[in-house]
$ cat coords_15.cif   # mmCIF, C-alpha atoms
data_upload
loop_
_atom_site.label_atom_id
_atom_site.label_comp_id
_atom_site.auth_asym_id
_atom_site.auth_seq_id
_atom_site.Cartn_x
_atom_site.Cartn_y
_atom_site.Cartn_z
CA MET A 1 5.19 -20.76 16.48
CA ASN A 2 4.86 -24.10 18.15
CA GLU A 3 7.72 -26.56 18.21
CA ARG A 4 8.00 -30.09 19.52
CA THR A 5 10.87 -32.51 19.89
CA PRO A 6 10.04 -35.62 17.84
CA PRO A 7 9.42 -38.78 19.90
CA ASP A 8 12.23 -41.27 20.30
CA ALA A 9 10.22 -44.18 18.88
CA PRO A 10 10.18 -44.65 15.10
CA GLU A 11 7.43 -42.65 13.41
CA GLU A 12 6.19 -45.70 11.52
CA ALA A 13 5.52 -47.57 14.75
CA GLU A 14 3.89 -44.61 16.49
CA ASP A 15 1.57 -43.09 13.93
CA PRO A 16 -1.15 -45.79 13.85
CA VAL A 17 -1.50 -45.74 17.65
CA TYR A 18 -1.85 -41.95 17.78
CA GLU A 19 -4.27 -41.99 14.88
CA GLN A 20 -6.43 -44.58 16.65
CA ALA A 21 -6.23 -42.59 19.89
CA ALA A 22 -7.30 -39.39 18.12
CA LEU A 23 -10.27 -41.18 16.57
CA TRP A 24 -11.30 -42.47 20.00
CA VAL A 25 -11.06 -38.93 21.42
CA ALA A 26 -13.30 -37.66 18.64
CA ARG A 27 -15.80 -40.50 19.01
CA LEU A 28 -16.12 -40.35 22.78
CA SER A 29 -16.43 -36.55 22.70
CA SER A 30 -19.42 -36.73 20.38
CA THR A 31 -22.98 -36.40 21.66
CA ASP A 32 -24.07 -39.81 20.36
CA ALA A 33 -21.32 -42.01 21.80
CA THR A 34 -22.94 -45.25 23.01
CA GLU A 35 -22.21 -47.62 25.87
CA ALA A 36 -20.92 -50.05 23.27
CA ASP A 37 -18.47 -47.38 22.12
CA HIS A 38 -17.21 -46.91 25.68
CA ARG A 39 -16.83 -50.67 26.19
CA ALA A 40 -14.90 -51.01 22.92
CA PHE A 41 -12.69 -48.11 23.89
CA GLU A 42 -11.90 -49.57 27.31
CA ALA A 43 -10.96 -52.88 25.66
CA TRP A 44 -8.69 -51.06 23.19
CA ARG A 45 -7.04 -48.96 25.93
CA ALA A 46 -6.42 -52.00 28.13
CA ALA A 47 -4.88 -54.02 25.30
CA ASP A 48 -1.58 -52.14 25.33
CA PRO A 49 -0.01 -49.56 27.68
CA ALA A 50 0.95 -47.55 24.58
CA HIS A 51 -2.77 -47.15 23.80
CA ALA A 52 -3.48 -45.58 27.18
CA GLU A 53 -0.47 -43.27 26.88
CA ALA A 54 -1.42 -42.13 23.37
CA TYR A 55 -5.03 -41.54 24.39
CA ALA A 56 -3.97 -39.43 27.40
CA GLU A 57 -1.80 -37.25 25.16
CA MET A 58 -4.48 -36.78 22.52
CA GLU A 59 -7.18 -36.05 25.11
CA ALA A 60 -4.90 -33.43 26.67
CA TRP A 61 -4.43 -31.87 23.22
CA ARG A 62 -8.18 -31.79 22.70
CA ARG A 63 -8.71 -29.92 25.94
CA THR A 64 -5.85 -27.52 25.27
CA MET A 65 -6.88 -26.73 21.71
CA LYS A 66 -10.61 -26.80 22.49
CA ARG A 67 -11.24 -29.10 19.57
CA ALA A 68 -14.57 -30.47 20.72
CA PRO A 69 -17.16 -27.66 20.59
CA ASP A 70 -20.76 -28.74 21.08
CA PRO A 71 -22.41 -28.44 17.63
CA ARG A 72 -25.95 -28.28 19.08
CA ARG A 73 -27.86 -25.03 19.31
CA PRO A 74 -31.21 -24.60 21.13
CA HIS A 75 -34.42 -24.08 19.20
CA LEU A 76 -33.10 -25.16 15.80
CA PRO A 77 -35.64 -27.00 13.66
CA LYS A 78 -35.12 -30.72 14.10
CA GLY A 79 -33.79 -31.33 10.59
CA LEU A 80 -31.32 -28.44 10.76
CA ALA A 81 -30.18 -29.44 14.23
CA ALA A 82 -29.44 -32.96 12.98
CA LEU A 83 -27.55 -31.53 10.01
CA ALA A 84 -25.55 -29.18 12.24
CA ALA A 85 -24.70 -32.01 14.63
CA ALA A 86 -23.61 -34.28 11.80
CA LEU A 87 -21.41 -31.62 10.23
CA GLY A 88 -20.01 -30.62 13.60
CA LEU A 89 -19.04 -34.21 14.32
CA GLY A 90 -17.68 -34.53 10.78
CA ALA A 91 -15.44 -31.50 11.32
CA LEU A 92 -14.13 -33.06 14.52
CA LEU A 93 -13.59 -36.47 12.98
CA SER A 94 -11.72 -34.95 10.04
CA ASP A 95 -9.02 -33.49 12.27
CA PRO A 96 -7.41 -36.41 14.15
CA LEU A 97 -4.73 -36.76 11.48
CA GLY A 98 -3.98 -33.10 12.08
CA TRP A 99 -3.25 -33.92 15.72
CA VAL A 100 -0.98 -36.76 14.67
CA ASP A 101 0.92 -34.50 12.24
CA ARG A 102 1.38 -31.86 14.93
CA MET A 103 2.67 -34.46 17.38
CA ARG A 104 5.33 -35.44 14.82
CA ALA A 105 6.18 -31.91 13.69
CA ASP A 106 9.10 -29.65 14.53
CA ALA A 107 6.97 -26.61 13.64
CA TRP A 108 3.22 -26.23 13.03
CA THR A 109 0.28 -23.85 12.93
CA ASP A 110 -3.28 -24.36 14.09
CA ARG A 111 -6.34 -23.76 11.89
CA GLY A 112 -6.32 -20.05 11.03
CA GLY A 113 -2.74 -19.52 12.16
CA ILE A 114 -0.14 -17.76 9.98
CA GLU A 115 3.33 -17.67 11.51
CA THR A 116 7.01 -17.22 10.67
CA THR A 117 10.05 -19.01 12.06
CA THR A 118 13.79 -19.20 11.37
CA LEU A 119 15.36 -22.56 10.60
CA PRO A 120 18.71 -23.77 11.99
CA ASP A 121 20.59 -22.68 8.85
CA GLY A 122 19.15 -19.15 8.97
CA SER A 123 16.54 -19.78 6.28
CA GLN A 124 13.07 -18.41 6.98
CA VAL A 125 9.76 -20.22 6.61
CA ASP A 126 6.24 -18.77 6.67
CA LEU A 127 3.66 -21.38 7.64
CA ASN A 128 0.11 -20.97 6.40
CA THR A 129 -2.98 -22.20 8.22
CA ASP A 130 -3.06 -25.81 9.47
CA THR A 131 0.51 -26.58 8.42
CA ALA A 132 3.06 -28.98 9.91
CA LEU A 133 6.63 -29.80 8.91
CA VAL A 134 9.54 -31.96 10.01
CA LEU A 135 13.18 -30.92 9.64
CA ARG A 136 15.97 -33.33 8.71
CA PHE A 137 19.15 -31.27 8.32
CA THR A 138 22.45 -33.10 7.70
CA HIS A 139 25.94 -32.10 6.59
CA SER A 140 24.98 -32.80 2.95
CA GLU A 141 21.32 -31.76 2.64
CA ARG A 142 18.67 -29.58 4.25
CA SER A 143 15.50 -31.64 4.04
CA VAL A 144 11.98 -30.56 5.02
CA ALA A 145 9.03 -32.95 5.06
CA LEU A 146 5.85 -30.90 4.67
CA LEU A 147 3.26 -33.11 6.38
CA ARG A 148 0.26 -30.87 5.68
CA GLY A 149 -0.65 -27.37 4.59
CA GLU A 150 1.46 -24.78 2.81
CA ALA A 151 4.67 -22.87 3.44
CA VAL A 152 6.89 -20.24 1.83
CA PHE A 153 10.63 -20.85 2.13
CA ASP A 154 13.20 -18.04 1.92
CA VAL A 155 16.37 -20.10 1.62
CA VAL A 156 19.88 -19.07 2.60
CA PRO A 157 22.21 -20.07 -0.28
CA ASP A 158 24.51 -23.02 0.40
CA ALA A 159 25.83 -24.74 -2.74
CA GLY A 160 27.09 -27.67 -0.71
CA ARG A 161 23.73 -28.34 0.94
CA PRO A 162 20.69 -28.15 -1.34
CA PHE A 163 17.36 -27.32 0.30
CA VAL A 164 14.72 -29.97 -0.43
CA VAL A 165 11.02 -29.85 0.46
CA SER A 166 8.88 -32.95 -0.08
CA GLY A 167 5.26 -33.84 0.52
CA ASN A 168 2.26 -35.49 -1.14
CA GLY A 169 4.38 -36.94 -3.93
CA VAL A 170 6.08 -33.64 -4.83
CA ARG A 171 9.77 -32.84 -4.32
CA ALA A 172 11.13 -29.29 -4.69
CA ARG A 173 14.89 -28.76 -4.67
CA ALA A 174 16.64 -25.39 -4.40
CA VAL A 175 20.01 -23.98 -3.37
CA GLY A 176 19.02 -20.41 -2.54
CA THR A 177 15.64 -18.96 -3.50
CA ARG A 178 12.13 -18.02 -2.32
CA PHE A 179 9.35 -20.44 -3.20
CA PHE A 180 6.15 -21.99 -1.86
CA VAL A 181 5.02 -25.59 -1.56
CA ARG A 182 1.44 -26.70 -0.93
CA VAL A 183 0.57 -30.33 -0.18
CA ASP A 184 -3.22 -30.39 0.14
CA GLY A 185 -3.84 -31.53 -3.43
CA ALA A 186 -4.04 -28.00 -4.91
CA VAL A 187 -3.75 -27.65 -8.68
CA VAL A 188 -0.62 -25.51 -8.15
CA PRO A 189 1.62 -27.24 -5.58
CA VAL A 190 4.80 -25.19 -6.13
CA GLY A 191 5.62 -21.63 -7.19
CA VAL A 192 8.82 -19.57 -7.31
CA ALA A 193 9.16 -15.92 -6.31
CA GLU A 194 12.96 -15.70 -6.68
CA GLY A 195 15.66 -17.98 -8.09
CA ARG A 196 15.12 -21.45 -9.52
CA VAL A 197 13.59 -24.64 -8.17
CA ASP A 198 13.64 -28.17 -9.58
CA VAL A 199 10.25 -29.85 -9.09
CA ALA A 200 9.83 -33.61 -9.40
CA THR A 201 7.08 -36.21 -9.06
CA SER A 202 7.15 -39.91 -9.80
CA ALA A 203 6.07 -39.07 -13.38
CA GLY A 204 8.80 -36.57 -14.23
CA GLU A 205 10.39 -33.25 -13.37
CA THR A 206 10.70 -29.64 -14.48
CA ARG A 207 12.62 -26.49 -13.54
CA LEU A 208 10.79 -23.39 -12.38
CA ARG A 209 12.13 -19.85 -12.63
CA ALA A 210 10.95 -16.72 -10.85
CA GLY A 211 7.32 -15.98 -11.69
CA GLU A 212 6.53 -19.58 -12.63
CA VAL A 213 4.38 -22.22 -10.95
CA ALA A 214 4.13 -25.98 -11.38
CA VAL A 215 0.80 -27.51 -12.40
CA ARG A 216 0.00 -31.19 -12.52
CA GLY A 217 -0.35 -32.61 -16.01
CA GLU A 218 -2.87 -35.34 -16.80
CA ASP A 219 -0.10 -37.91 -16.45
CA GLY A 220 1.05 -36.47 -13.10
CA ARG A 221 4.11 -34.79 -14.61
CA PRO A 222 4.82 -31.27 -13.25
CA LEU A 223 4.55 -28.59 -15.94
CA ALA A 224 6.00 -25.07 -15.69
CA ARG A 225 3.55 -22.22 -16.29
CA ALA A 226 3.63 -18.45 -15.78
CA GLY A 227 1.77 -17.56 -12.59
CA ASP A 228 1.01 -14.74 -10.18
CA VAL A 229 3.20 -15.96 -7.34
CA ALA A 230 2.81 -12.75 -5.33
CA GLN A 231 -0.96 -13.22 -5.30
CA ALA A 232 -0.60 -16.89 -4.39
CA ILE A 233 1.43 -16.06 -1.28
CA ALA A 234 -0.51 -12.95 -0.21
CA TRP A 235 -1.75 -15.02 2.73
CA ARG A 236 1.53 -14.13 4.46
CA GLU A 237 0.00 -10.69 4.98
CA GLY A 238 -3.30 -12.21 6.08
CA GLN A 239 -4.98 -11.58 2.74
CA LEU A 240 -6.80 -13.68 0.17
CA THR A 241 -6.60 -11.90 -3.18
CA VAL A 242 -8.69 -13.31 -6.02
CA SER A 243 -9.56 -12.21 -9.51
CA GLY A 244 -12.67 -13.66 -11.16
CA GLN A 245 -12.69 -16.77 -9.00
CA PRO A 246 -15.89 -18.83 -8.57
CA LEU A 247 -17.61 -18.28 -5.24
CA SER A 248 -17.36 -22.00 -4.47
CA GLN A 249 -13.56 -21.79 -4.64
CA VAL A 250 -13.45 -18.59 -2.56
CA LEU A 251 -15.51 -20.25 0.17
CA SER A 252 -13.31 -23.34 0.01
CA GLU A 253 -10.25 -21.15 0.63
CA LEU A 254 -11.91 -19.34 3.53
CA GLU A 255 -12.79 -22.70 5.08
CA ARG A 256 -9.08 -23.43 5.42
CA TYR A 257 -8.83 -20.61 7.96
CA ARG A 258 -11.83 -21.43 10.17
CA ARG A 259 -13.42 -24.38 11.91
CA GLY A 260 -16.57 -25.91 10.50
CA ARG A 261 -18.34 -25.68 7.17
CA LEU A 262 -19.52 -23.00 4.75
CA LEU A 263 -22.37 -24.74 2.96
CA LEU A 264 -23.65 -23.46 -0.40
CA THR A 265 -27.35 -24.24 -0.77
CA ASP A 266 -27.47 -23.39 -4.49
CA SER A 267 -24.92 -24.93 -6.88
CA ALA A 268 -25.56 -22.21 -9.46
CA LEU A 269 -24.55 -19.63 -6.86
CA GLY A 270 -21.16 -21.27 -6.55
CA SER A 271 -20.31 -20.51 -10.18
CA ARG A 272 -20.72 -16.75 -9.73
CA ARG A 273 -17.36 -15.01 -9.76
CA PHE A 274 -15.75 -12.67 -7.26
CA SER A 275 -12.77 -10.32 -7.47
CA GLY A 276 -11.27 -8.59 -4.47
CA THR A 277 -9.22 -8.96 -1.30
CA LEU A 278 -10.52 -10.67 1.84
CA ASP A 279 -9.16 -10.70 5.39
CA LEU A 280 -7.99 -14.18 6.35
CA ARG A 281 -7.54 -13.20 10.00
CA ASP A 282 -11.25 -12.37 10.31
CA THR A 283 -13.18 -14.76 8.11
CA ASP A 284 -16.54 -13.70 9.57
CA ALA A 285 -15.88 -10.14 8.34
CA SER A 286 -14.79 -11.55 4.97
CA LEU A 287 -18.06 -13.46 4.68
CA ASP A 288 -19.96 -10.23 5.35
CA VAL A 289 -17.97 -8.56 2.54
CA LEU A 290 -18.89 -11.39 0.19
CA ALA A 291 -22.54 -11.20 1.21
CA ALA A 292 -22.70 -7.45 0.53
CA ALA A 293 -20.81 -7.65 -2.76
CA MET A 294 -22.63 -10.67 -4.20
CA GLY A 295 -26.12 -10.42 -2.73
CA LEU A 296 -25.80 -13.38 -0.38
CA ARG A 297 -27.68 -14.38 2.74
CA LEU A 298 -25.67 -15.94 5.55
CA THR A 299 -27.46 -18.14 8.08
CA ARG A 300 -25.22 -18.94 11.04
CA LEU A 301 -26.77 -22.11 12.44
CA THR A 302 -23.87 -22.94 14.79
CA PRO A 303 -20.23 -21.87 15.16
CA LEU A 304 -19.47 -24.85 12.91
CA LEU A 305 -22.07 -24.36 10.19
CA ILE A 306 -22.99 -21.35 8.04
CA LEU A 307 -25.45 -21.65 5.17
CA VAL A 308 -24.70 -19.46 2.14
CA ARG A 309 -27.66 -18.76 -0.12
CA PRO A 310 -29.10 -16.05 -2.39
CA ALA A 311 -30.45 -13.00 -0.58
CA PHE A 312 -33.63 -13.04 -2.70
#

$ encode --input "coords_15.cif" --output "structure tokens"
Amino acid sequence: MNERTPPDAPEEAEDPVYEQAALWVARLSSTDATEADHRAFEAWRAADPAHAEAYAEMEAWRRTMKRAPDPRRPHLPKGLAALAAALGLGALLSDPLGWVDRMRADAWTDRGGIETTTLPDGSQVDLNTDTALVLRFTHSERSVALLRGEAVFDVVPDAGRPFVVSGNGVRARAVGTRFFVRVDGAVVPVGVAEGRVDVATSAGETRLRAGEVAVRGEDGRPLARAGDVAQAIAWREGQLTVSGQPLSQVLSELERYRRGRLLLTDSALGSRRFSGTLDLRDTDASLDVLAAAMGLRLTRLTPLLILVRPAF
């Protein structure tokens, strides 16, 4: 688990600077950065001491986390090399907000990480891949802002201090229970394994009981439905368990646990369905399982790009 003391400056004032700094790190680390890019960057950095400080921090994070792999690979056909480079740069450019969230967070996981930590009140939280959260515990409420990703909360009961998790327009309130919250736009953002949880959005609210999940209605209102919560949180054991799920969705889930892209070359292939359990801690092995089970051919162009196509 990684923890960081939040900066003293207000988050609202700091976020845009760190976001800009992260984008500059990504741009200048790319293979096609131009002299004009470097001149524009130097002008931006010189405009404010806070810019230089933010850039130094984000550049240090890039080096530490090794976030700038070279997407090129020798001897690729020109068109495929260009595609690999573009997707590699796209993967890098898509992550600066992840850096910003981690800089703000009290606890976070990297891409592919699955970790557990204990909160100040004794409650336990399991963080899924690429997750970040901020704690705001007071004498009257235990509040968690889930900035990104997904987490399972095993809450210590305290009737005088409800436990509230919020993120991406969803607010889940519990006193003592076990439930998950996911804030990446998933169809099912909340599910309850034990106890009860009140789920609210700007459009309305509902109460979930054990074995129920919330789905988003057409009007944005959360609706309670029966769901396989145990299967939904099997990632805590490093497993992805699916039953009759389209290949496109399975690959999308696997992408959450690895860097780069899994690119389907045949849209019809994506509609084929898979049932089984895959290892989230070794996604390359899971891809081999999929290939053997579904008659797929995997072409690993770079560490950041794998083409998925029919074997025949």

$ atom_distance --input "coords_15.cif" --atom1 "atom CA of A:Arg281" --atom2 "atom CA of A:Leu269"
24.8 Å

$ resolve_selection --input "coords_15.cif" --expression "the PyMOL selection byres ((chain A and resi 41-46) around 10)" --output "ChimeraX atom specification"
/A:20-21,24-25,27-28,35-40,47-55

$ closest_residue --input "coords_15.cif" --among "A:Ala234, A:Ala268, A:Ala26, A:Ala174" --to "A:Glu59" --atoms "all atoms listed in the file"
A:Ala26

$ closest_residue --input "coords_15.cif" --among "A:Ala172, A:Val144, A:Arg259, A:Pro189" --to "A:Asp130" --atoms "all atoms listed in the file"
A:Arg259

$ resolve_selection --input "coords_15.cif" --expression "the PyMOL selection byres ((chain A and resi 310) around 8)" --output "ChimeraX atom specification"
/A:266,269,295-297,308-309,311-312

$ write_last_selection --input "coords_15.cif" --atoms "C-alpha atoms" --output "PDB file, in the coordinates of the input"
ATOM      1  CA  ASP A 266     -27.470 -23.390  -4.490  1.00  0.00           C
ATOM      2  CA  LEU A 269     -24.550 -19.630  -6.860  1.00  0.00           C
ATOM      3  CA  GLY A 295     -26.120 -10.420  -2.730  1.00  0.00           C
ATOM      4  CA  LEU A 296     -25.800 -13.380  -0.380  1.00  0.00           C
ATOM      5  CA  ARG A 297     -27.680 -14.380   2.740  1.00  0.00           C
ATOM      6  CA  VAL A 308     -24.700 -19.460   2.140  1.00  0.00           C
ATOM      7  CA  ARG A 309     -27.660 -18.760  -0.120  1.00  0.00           C
ATOM      8  CA  ALA A 311     -30.450 -13.000  -0.580  1.00  0.00           C
ATOM      9  CA  PHE A 312     -33.630 -13.040  -2.700  1.00  0.00           C
TER      10      PHE A 312
END
